[in-house]
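Asks: As input, take upload-v9.cif (mmCIF, C-alpha atoms):
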```cif
data_entry
loop_
_atom_site.label_atom_id
_atom_site.label_comp_id
_atom_site.auth_asym_id
_atom_site.auth_seq_id
_atom_site.Cartn_x
_atom_site.Cartn_y
_atom_site.Cartn_z
CA MET H 17 6.90 108.73 -147.43
CA GLY H 18 10.50 109.01 -148.59
CA GLN H 19 10.48 112.80 -148.21
CA ALA H 20 9.11 112.58 -144.68
CA ASP H 21 11.88 110.17 -143.72
CA GLN H 22 14.55 112.51 -145.05
CA ALA H 23 13.22 115.79 -143.60
CA PRO H 24 14.79 115.61 -140.11
CA ALA H 25 18.32 115.03 -141.46
CA PRO H 26 19.23 118.67 -142.22
CA ARG H 27 18.08 119.81 -138.77
CA ALA H 28 20.25 117.16 -137.13
CA ARG H 29 23.29 118.27 -139.10
CA THR H 30 22.59 121.92 -138.27
CA ARG H 31 22.43 121.16 -134.57
CA GLY H 32 25.71 119.28 -134.81
CA LYS H 33 27.48 122.17 -136.52
CA GLN H 34 26.52 124.90 -134.06
CA PRO H 35 27.13 123.80 -130.47
CA ARG H 36 26.10 126.76 -128.33
CA SER H 37 28.21 125.58 -125.40
CA ASN H 38 31.48 126.19 -127.27
CA PRO H 39 33.00 129.41 -125.83
CA THR H 40 35.09 130.11 -128.92
CA PRO H 41 33.11 129.10 -132.03
CA LYS H 42 33.89 132.17 -134.09
CA ALA H 43 37.14 133.74 -132.93
CA GLY H 44 39.02 130.54 -132.23
CA ARG H 45 39.98 131.50 -128.68
CA ASN H 46 39.08 130.44 -125.16
CA LEU H 47 37.74 133.80 -123.99
CA PRO H 48 37.75 133.21 -120.19
CA ALA H 49 41.34 131.95 -120.23
CA ALA H 50 42.38 134.75 -122.58
CA VAL H 51 40.88 137.41 -120.30
CA VAL H 52 42.45 136.00 -117.13
CA VAL H 53 45.92 135.62 -118.66
CA GLY H 54 45.69 139.00 -120.37
CA LEU H 55 44.72 140.80 -117.16
CA ALA H 56 47.47 139.03 -115.21
CA MET H 57 50.09 140.14 -117.74
CA LEU H 58 48.69 143.67 -117.80
CA PHE H 59 48.78 144.05 -114.02
CA ALA H 60 52.31 142.62 -113.84
CA VAL H 61 53.57 145.00 -116.50
CA LEU H 62 51.77 148.05 -115.11
CA GLY H 63 52.92 147.20 -111.59
CA GLY H 64 56.56 147.28 -112.62
CA LEU H 65 56.05 150.31 -114.85
CA LEU H 66 54.45 152.48 -112.16
CA LEU H 67 56.53 151.29 -109.20
CA LEU H 68 59.92 149.88 -110.20
CA PRO H 69 61.02 150.92 -113.70
CA LEU H 70 63.94 148.49 -113.91
CA ALA H 71 61.50 145.65 -113.20
CA PHE H 72 59.42 146.80 -116.18
CA VAL H 73 62.54 146.68 -118.35
CA ALA H 74 63.26 143.16 -117.07
CA VAL H 75 59.70 142.02 -117.80
CA THR H 76 59.86 143.57 -121.28
CA THR H 77 63.16 141.79 -121.92
CA THR H 78 61.70 138.48 -120.74
CA PHE H 79 58.77 138.77 -123.15
CA ALA H 80 61.19 139.63 -125.95
CA ILE H 81 63.32 136.57 -125.16
CA PHE H 82 60.31 134.24 -125.32
CA GLY H 83 59.11 135.93 -128.51
CA VAL H 84 62.46 135.46 -130.25
CA TRP H 85 62.62 131.87 -128.98
CA GLU H 86 59.25 131.17 -130.59
CA ILE H 87 60.44 132.68 -133.87
CA TYR H 88 63.58 130.54 -133.67
CA ARG H 89 61.53 127.35 -133.18
CA ALA H 90 59.14 128.20 -136.00
CA LEU H 91 61.95 129.00 -138.43
CA GLU H 92 63.97 125.94 -137.46
CA ALA H 93 60.96 123.70 -138.10
CA ASN H 94 60.91 125.14 -141.62
CA GLY H 95 64.60 124.55 -142.27
CA THR H 96 66.08 127.95 -141.32
CA ARG H 97 68.45 127.98 -138.37
CA MET H 98 68.89 131.35 -136.69
CA PRO H 99 72.22 132.25 -134.95
CA THR H 100 70.90 131.83 -131.43
CA ILE H 101 73.67 133.25 -129.25
CA PRO H 102 74.17 136.66 -130.93
CA VAL H 103 70.43 137.08 -131.45
CA MET H 104 69.58 136.33 -127.83
CA THR H 105 72.43 138.52 -126.61
CA GLY H 106 71.08 141.41 -128.66
CA THR H 107 67.57 140.69 -127.41
CA VAL H 108 68.70 141.10 -123.81
CA ALA H 109 70.88 144.12 -124.54
CA MET H 110 68.47 146.34 -126.47
CA PRO H 111 65.79 147.09 -123.82
CA PHE H 112 68.45 147.85 -121.21
CA ALA H 113 70.38 149.98 -123.70
CA ALA H 114 67.21 151.96 -124.41
CA TYR H 115 66.53 152.49 -120.71
CA LEU H 116 70.07 153.41 -119.69
CA GLY H 117 71.28 155.22 -122.81
CA GLY H 118 68.27 156.36 -124.82
CA ILE H 119 67.65 156.22 -128.56
CA GLU H 120 71.34 156.44 -129.53
CA SER H 121 72.25 153.46 -127.37
CA LEU H 122 69.31 151.47 -128.74
CA LEU H 123 70.37 152.12 -132.34
CA PHE H 124 73.96 151.19 -131.53
CA ALA H 125 72.84 147.96 -129.82
CA MET H 126 70.75 147.04 -132.88
CA LEU H 127 73.68 147.73 -135.21
CA LEU H 128 76.15 145.83 -133.05
CA SER H 129 73.79 142.87 -132.72
CA SER H 130 73.29 142.70 -136.49
CA VAL H 131 77.04 142.78 -137.09
CA ALA H 132 77.47 140.05 -134.45
CA VAL H 133 74.96 137.87 -136.31
CA LEU H 134 76.90 138.35 -139.55
CA LEU H 135 80.28 137.59 -137.96
CA TRP H 136 78.95 134.64 -135.97
CA ARG H 137 77.43 133.05 -139.05
CA SER H 138 80.54 133.68 -141.14
CA ILE H 139 82.61 131.26 -139.03
CA GLU H 140 80.10 128.45 -139.54
CA SER H 141 79.35 126.47 -142.69
CA ALA H 142 78.34 128.41 -145.79
CA ALA H 143 75.24 126.28 -146.37
CA GLY H 144 72.13 128.32 -145.65
CA SER H 145 74.16 131.26 -144.32
CA ALA H 146 72.17 133.95 -146.18
CA ASN H 147 68.81 132.72 -144.85
CA SER H 148 70.28 132.38 -141.38
CA ILE H 149 71.65 135.93 -141.34
CA PHE H 150 68.44 137.41 -142.72
CA ALA H 151 66.42 135.48 -140.13
CA GLY H 152 68.63 136.70 -137.27
CA VAL H 153 68.49 140.37 -138.26
CA PHE H 154 64.75 140.07 -138.95
CA ALA H 155 64.10 138.64 -135.47
CA LEU H 156 66.23 141.36 -133.85
CA GLY H 157 64.36 144.12 -135.64
CA TRP H 158 60.90 142.65 -135.26
CA VAL H 159 60.91 141.97 -131.52
CA PRO H 160 63.61 143.46 -129.26
CA PHE H 161 64.28 146.60 -131.33
CA PHE H 162 60.63 147.55 -131.79
CA ILE H 163 59.57 146.67 -128.25
CA SER H 164 62.44 148.69 -126.79
CA PHE H 165 60.60 151.83 -127.92
CA ALA H 166 58.25 151.12 -125.01
CA VAL H 167 61.25 151.60 -122.69
CA LEU H 168 62.60 154.82 -124.23
CA PRO H 169 60.12 157.20 -122.50
CA LEU H 170 61.40 155.96 -119.15
CA HIS H 171 64.91 157.10 -119.99
CA ALA H 172 63.69 160.42 -121.31
CA ALA H 173 61.81 161.18 -118.06
CA GLY H 174 63.84 163.98 -116.51
CA GLY H 175 67.02 162.52 -117.96
CA ALA H 176 67.15 160.09 -115.03
CA THR H 177 67.35 156.33 -115.10
CA PRO H 178 66.71 155.13 -111.54
CA LEU H 179 67.75 151.62 -110.59
CA GLY H 180 65.22 151.47 -107.75
CA LEU H 181 61.81 153.00 -107.16
CA TRP H 182 60.82 156.20 -108.91
CA PRO H 183 62.54 159.06 -107.02
CA GLY H 184 60.18 160.64 -104.53
CA GLY H 185 57.52 158.09 -105.37
CA THR H 186 56.34 160.25 -108.28
CA VAL H 187 55.59 158.45 -111.54
CA PRO H 188 56.90 160.57 -114.47
CA ASP H 189 54.91 161.43 -117.56
CA GLY H 190 56.91 158.97 -119.67
CA ALA H 191 55.73 156.03 -117.59
CA TRP H 192 52.11 157.15 -117.84
CA GLN H 193 52.51 157.45 -121.60
CA VAL H 194 53.67 153.84 -121.81
CA ALA H 195 50.80 152.75 -119.56
CA VAL H 196 48.26 154.49 -121.80
CA MET H 197 49.86 152.90 -124.87
CA LEU H 198 49.44 149.44 -123.32
CA LEU H 199 45.83 150.18 -122.36
CA LEU H 200 45.08 151.25 -125.93
CA VAL H 201 46.63 148.06 -127.31
CA VAL H 202 44.52 146.00 -124.91
CA SER H 203 41.45 148.04 -125.87
CA ASN H 204 42.14 147.39 -129.54
CA ASP H 205 42.29 143.65 -128.97
CA THR H 206 39.36 143.48 -126.54
CA PHE H 207 36.83 145.64 -128.39
CA GLY H 208 37.91 144.23 -131.73
CA TYR H 209 37.33 140.70 -130.47
CA LEU H 210 33.96 141.45 -128.89
CA VAL H 211 32.56 143.29 -131.91
CA GLY H 212 34.19 141.04 -134.50
CA ALA H 213 33.02 137.82 -132.82
CA SER H 214 29.40 139.00 -132.73
CA LEU H 215 29.04 141.20 -135.81
CA GLY H 216 32.04 140.45 -138.03
CA LYS H 217 31.00 139.60 -141.61
CA HIS H 218 33.50 141.34 -143.87
CA PRO H 219 37.12 140.06 -143.58
CA MET H 220 39.88 142.65 -143.75
CA ALA H 221 42.49 140.32 -145.22
CA PRO H 222 40.89 136.94 -145.93
CA LYS H 223 44.08 135.41 -147.32
CA ILE H 224 46.13 136.40 -144.26
CA SER H 225 43.73 136.50 -141.30
CA PRO H 226 40.21 135.36 -142.25
CA LYS H 227 38.78 136.02 -138.76
CA LYS H 228 39.80 139.68 -138.61
CA SER H 229 36.88 141.76 -139.88
CA TRP H 230 36.19 145.38 -140.73
CA GLU H 231 33.43 145.35 -138.12
CA GLY H 232 35.97 144.29 -135.50
CA PHE H 233 38.35 147.01 -136.70
CA ALA H 234 35.60 149.60 -136.28
CA GLY H 235 34.92 148.26 -132.79
CA SER H 236 38.63 148.56 -131.98
CA ILE H 237 38.70 152.20 -133.07
CA GLY H 238 35.52 153.09 -131.18
CA GLY H 239 36.58 151.39 -127.96
CA ALA H 240 40.15 152.67 -128.11
CA MET H 241 38.97 156.22 -128.77
CA LEU H 242 36.82 156.09 -125.65
CA ILE H 243 39.74 154.81 -123.56
CA GLY H 244 42.20 157.21 -125.19
CA ILE H 245 40.05 160.30 -124.60
CA LEU H 246 39.44 159.38 -120.95
CA ALA H 247 43.14 158.61 -120.44
CA CYS H 248 44.23 161.94 -121.92
CA LEU H 249 41.76 163.91 -119.83
CA PHE H 250 42.36 162.16 -116.50
CA VAL H 251 45.86 160.65 -116.76
CA LEU H 252 48.00 162.51 -119.29
CA ASP H 253 46.40 165.94 -118.83
CA LYS H 254 46.11 166.41 -122.59
CA PRO H 255 43.24 167.71 -124.78
CA TRP H 256 40.61 165.13 -125.70
CA TRP H 257 41.59 165.15 -129.37
CA VAL H 258 45.05 163.84 -128.46
CA GLY H 259 43.36 160.71 -127.13
CA ALA H 260 41.48 160.30 -130.41
CA VAL H 261 44.69 160.69 -132.43
CA LEU H 262 46.55 158.21 -130.24
CA ALA H 263 43.69 155.72 -130.46
CA VAL H 264 43.44 155.79 -134.26
CA GLY H 265 47.21 155.64 -134.71
CA LEU H 266 47.77 152.81 -132.25
CA VAL H 267 44.80 150.77 -133.49
CA ALA H 268 46.22 151.05 -137.02
CA ALA H 269 49.70 150.06 -135.81
CA SER H 270 48.36 147.20 -133.64
CA THR H 271 46.27 145.85 -136.50
CA ALA H 272 49.26 146.04 -138.85
CA GLY H 273 51.33 144.13 -136.30
CA ASP H 274 48.65 141.49 -135.93
CA LEU H 275 48.36 141.05 -139.69
CA ALA H 276 52.15 140.95 -140.08
CA GLU H 277 52.43 138.09 -137.59
CA SER H 278 49.50 136.29 -139.25
CA MET H 279 51.31 136.57 -142.57
CA VAL H 280 54.48 135.09 -141.07
CA LYS H 281 52.54 132.25 -139.45
CA ARG H 282 50.69 131.51 -142.68
CA GLU H 283 54.00 131.44 -144.56
CA LEU H 284 55.41 129.02 -141.98
CA GLY H 285 52.23 126.93 -141.92
CA ILE H 286 51.47 127.28 -138.20
CA LYS H 287 48.42 128.48 -136.26
CA ASP H 288 50.11 129.83 -133.13
CA MET H 289 53.74 130.56 -132.37
CA SER H 290 53.47 128.28 -129.32
CA SER H 291 50.99 127.34 -126.58
CA ILE H 292 52.68 128.95 -123.57
CA LEU H 293 49.82 131.33 -122.76
CA PRO H 294 46.38 129.70 -122.31
CA GLY H 295 43.77 131.36 -124.48
CA HIS H 296 46.38 133.38 -126.36
CA GLY H 297 48.74 130.86 -127.95
CA GLY H 298 52.33 132.03 -127.80
CA VAL H 299 54.03 135.13 -126.46
CA MET H 300 54.36 136.50 -130.00
CA ASP H 301 50.61 136.15 -130.39
CA ARG H 302 50.38 138.83 -127.67
CA LEU H 303 53.43 140.87 -128.65
CA ASP H 304 52.46 141.16 -132.31
CA SER H 305 50.42 144.31 -131.65
CA ILE H 306 52.73 145.80 -129.03
CA VAL H 307 55.91 145.61 -131.12
CA PHE H 308 54.30 147.75 -133.82
CA ALA H 309 52.43 150.01 -131.40
CA SER H 310 55.53 150.88 -129.34
CA PRO H 311 57.44 152.84 -132.02
CA ALA H 312 54.15 154.31 -133.29
CA ALA H 313 53.34 155.59 -129.80
CA PHE H 314 56.86 156.98 -129.37
CA ILE H 315 56.46 158.99 -132.59
CA LEU H 316 52.89 160.12 -131.84
CA TYR H 317 53.74 161.29 -128.34
CA GLY H 318 56.59 163.31 -129.83
CA LEU H 319 54.24 164.93 -132.36
CA VAL H 320 51.61 165.92 -129.78
CA SER H 321 54.05 166.83 -127.00
CA GLY H 322 53.20 170.52 -127.31
CA ALA H 323 49.43 170.03 -127.04
#
```
Mind turning the file's structure into structure tokens?
Replies:
Amino acid sequence: MGQADQAPAPRARTRGKQPRSNPTPKAGRNLPAAVVVGLAMLFAVLGGLLLLPLAFVAVTTTFAIFGVWEIYRALEANGTRMPTIPVMTGTVAMPFAAYLGGIESLLFAMLLSSVAVLLWRSIESAAGSANSIFAGVFALGWVPFFISFAVLPLHAAGGATPLGLWPGGTVPDGAWQVAVMLLLVVSNDTFGYLVGASLGKHPMAPKISPKKSWEGFAGSIGGAMLIGILACLFVLDKPWWVGAVLAVGLVAASTAGDLAESMVKRELGIKDMSSILPGHGGVMDRLDSIVFASPAAFILYGLVSGA
């Protein structure tokens, strides 16, 4: 009699733990909102990239500003105050320096911004100055410097840096390269999420990002290779194997960027950098892959340029 009375209890608890109506039980994300916001950002970025290059630079700079602002808030909540004015000035300057002056101007802007952080902090109180300087240079290198590599191919296109529409209405190869890079980053995230949410059982880095699995990583590579091969054949006019190389390299870089941000968030004790983007968290929760993929793509495109 006692056993019969107790039998239904486990089934009731099981039903309570697995609500099928929850759209994000495994990956911790509102998938419909994430897809809508992600597509909106993608179309806005691609629209500027393929029509008005300076608008793409402005959009890139805006994302970098919000990303650095989120880092500033997270660090300040943990007792580290970043020199805001020189860091934000460098954040605005670097993408435009890359577009107008190329790699040399970008490196100079990074160096000048780092020196400005040091000088700015030296006129304030000595308390916490080392942490503040390191935080400022770290933020400059992590976000605006890395993401400016997505702008460099636009400067290199024919040596021209138009302030209006692309001359003659022809989109140069550099812009298409950036577009393919962004599509591969989105493919990495999308296929990794879909496969990882349904089949993921073996965590890649359980102490840093428990929800990122090897199954999801395999899904990212498979999906990105498909997109990369098609993009090389029909967009970049490159051999199919170039698409496979780009896919593997950018998936590895994107995953490293994602894990790097997860490590920072875990160190700071936060789940998301902010809640600006529905379904995504903060801007840095979307830029984490792009900031690592941008320099990786710049290098890979240089290596396969003769293919």
Asks: Provide the CA of Gly265 (chain H) to CA of Val320 (chain H) distance in Å, to one decimal place.
Replies: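 Separating CA of Gly265 (chain H) from CA of Val320 (chain H) is a distance of 12.2 Å.
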Asks: Using all atoms listed in the file, determine which residues lie at most 7 Å from region 218-230 of chain H, disregarding the query and same-chain residues fewer than 3 positions distant; provide the list as a PDB file with C-alpha atoms, keeping the file's coordinate frame.
Replies:
```pdb
ATOM      1  CA  ALA H  43      37.140 133.740-132.930  1.00  0.00           C
ATOM      2  CA  GLY H 212      34.190 141.040-134.500  1.00  0.00           C
ATOM      3  CA  PHE H 233      38.350 147.010-136.700  1.00  0.00           C
ATOM      4  CA  ALA H 234      35.600 149.600-136.280  1.00  0.00           C
ATOM      5  CA  LEU H 275      48.360 141.050-139.690  1.00  0.00           C
ATOM      6  CA  SER H 278      49.500 136.290-139.250  1.00  0.00           C
ATOM      7  CA  MET H 279      51.310 136.570-142.570  1.00  0.00           C
ATOM      8  CA  ARG H 282      50.690 131.510-142.680  1.00  0.00           C
TER       9      ARG H 282
END
```
Asks: Mind checking which residues fall within 6 Å of His171 (chain H), counting only C-alpha atoms, ignoring those fewer than 2 positions away in the same chain, and posting them as an NGL selection string?
Replies: :H and (115 or 118 or 168-169 or 173 or 177)
Asks: Residues near Leu67 (chain H), anyone? I mean within 6 Å using all atoms listed in the file, not counting same-chain ones fewer than 3 positions away, as a list in words.
Replies: Gly63, Gly64 and Leu181 of chain H
Asks: Can you write just those residues out, C-alpha atoms, as a short mmCIF file (atom, residue, chain, number, x, y, z; two decimals), in the frame of the given file?
Replies:
```cif
data_model
loop_
_atom_site.label_atom_id
_atom_site.label_comp_id
_atom_site.auth_asym_id
_atom_site.auth_seq_id
_atom_site.Cartn_x
_atom_site.Cartn_y
_atom_site.Cartn_z
CA GLY H 63 52.92 147.20 -111.59
CA GLY H 64 56.56 147.28 -112.62
CA LEU H 181 61.81 153.00 -107.16
#
```
Asks: Looking at only C-alpha atoms, which of H:Ile315, H:Ala143, H:Leu68, H:Leu179 is the one that sits closest to Gly95 (chain H)?
Replies: H:Ala143
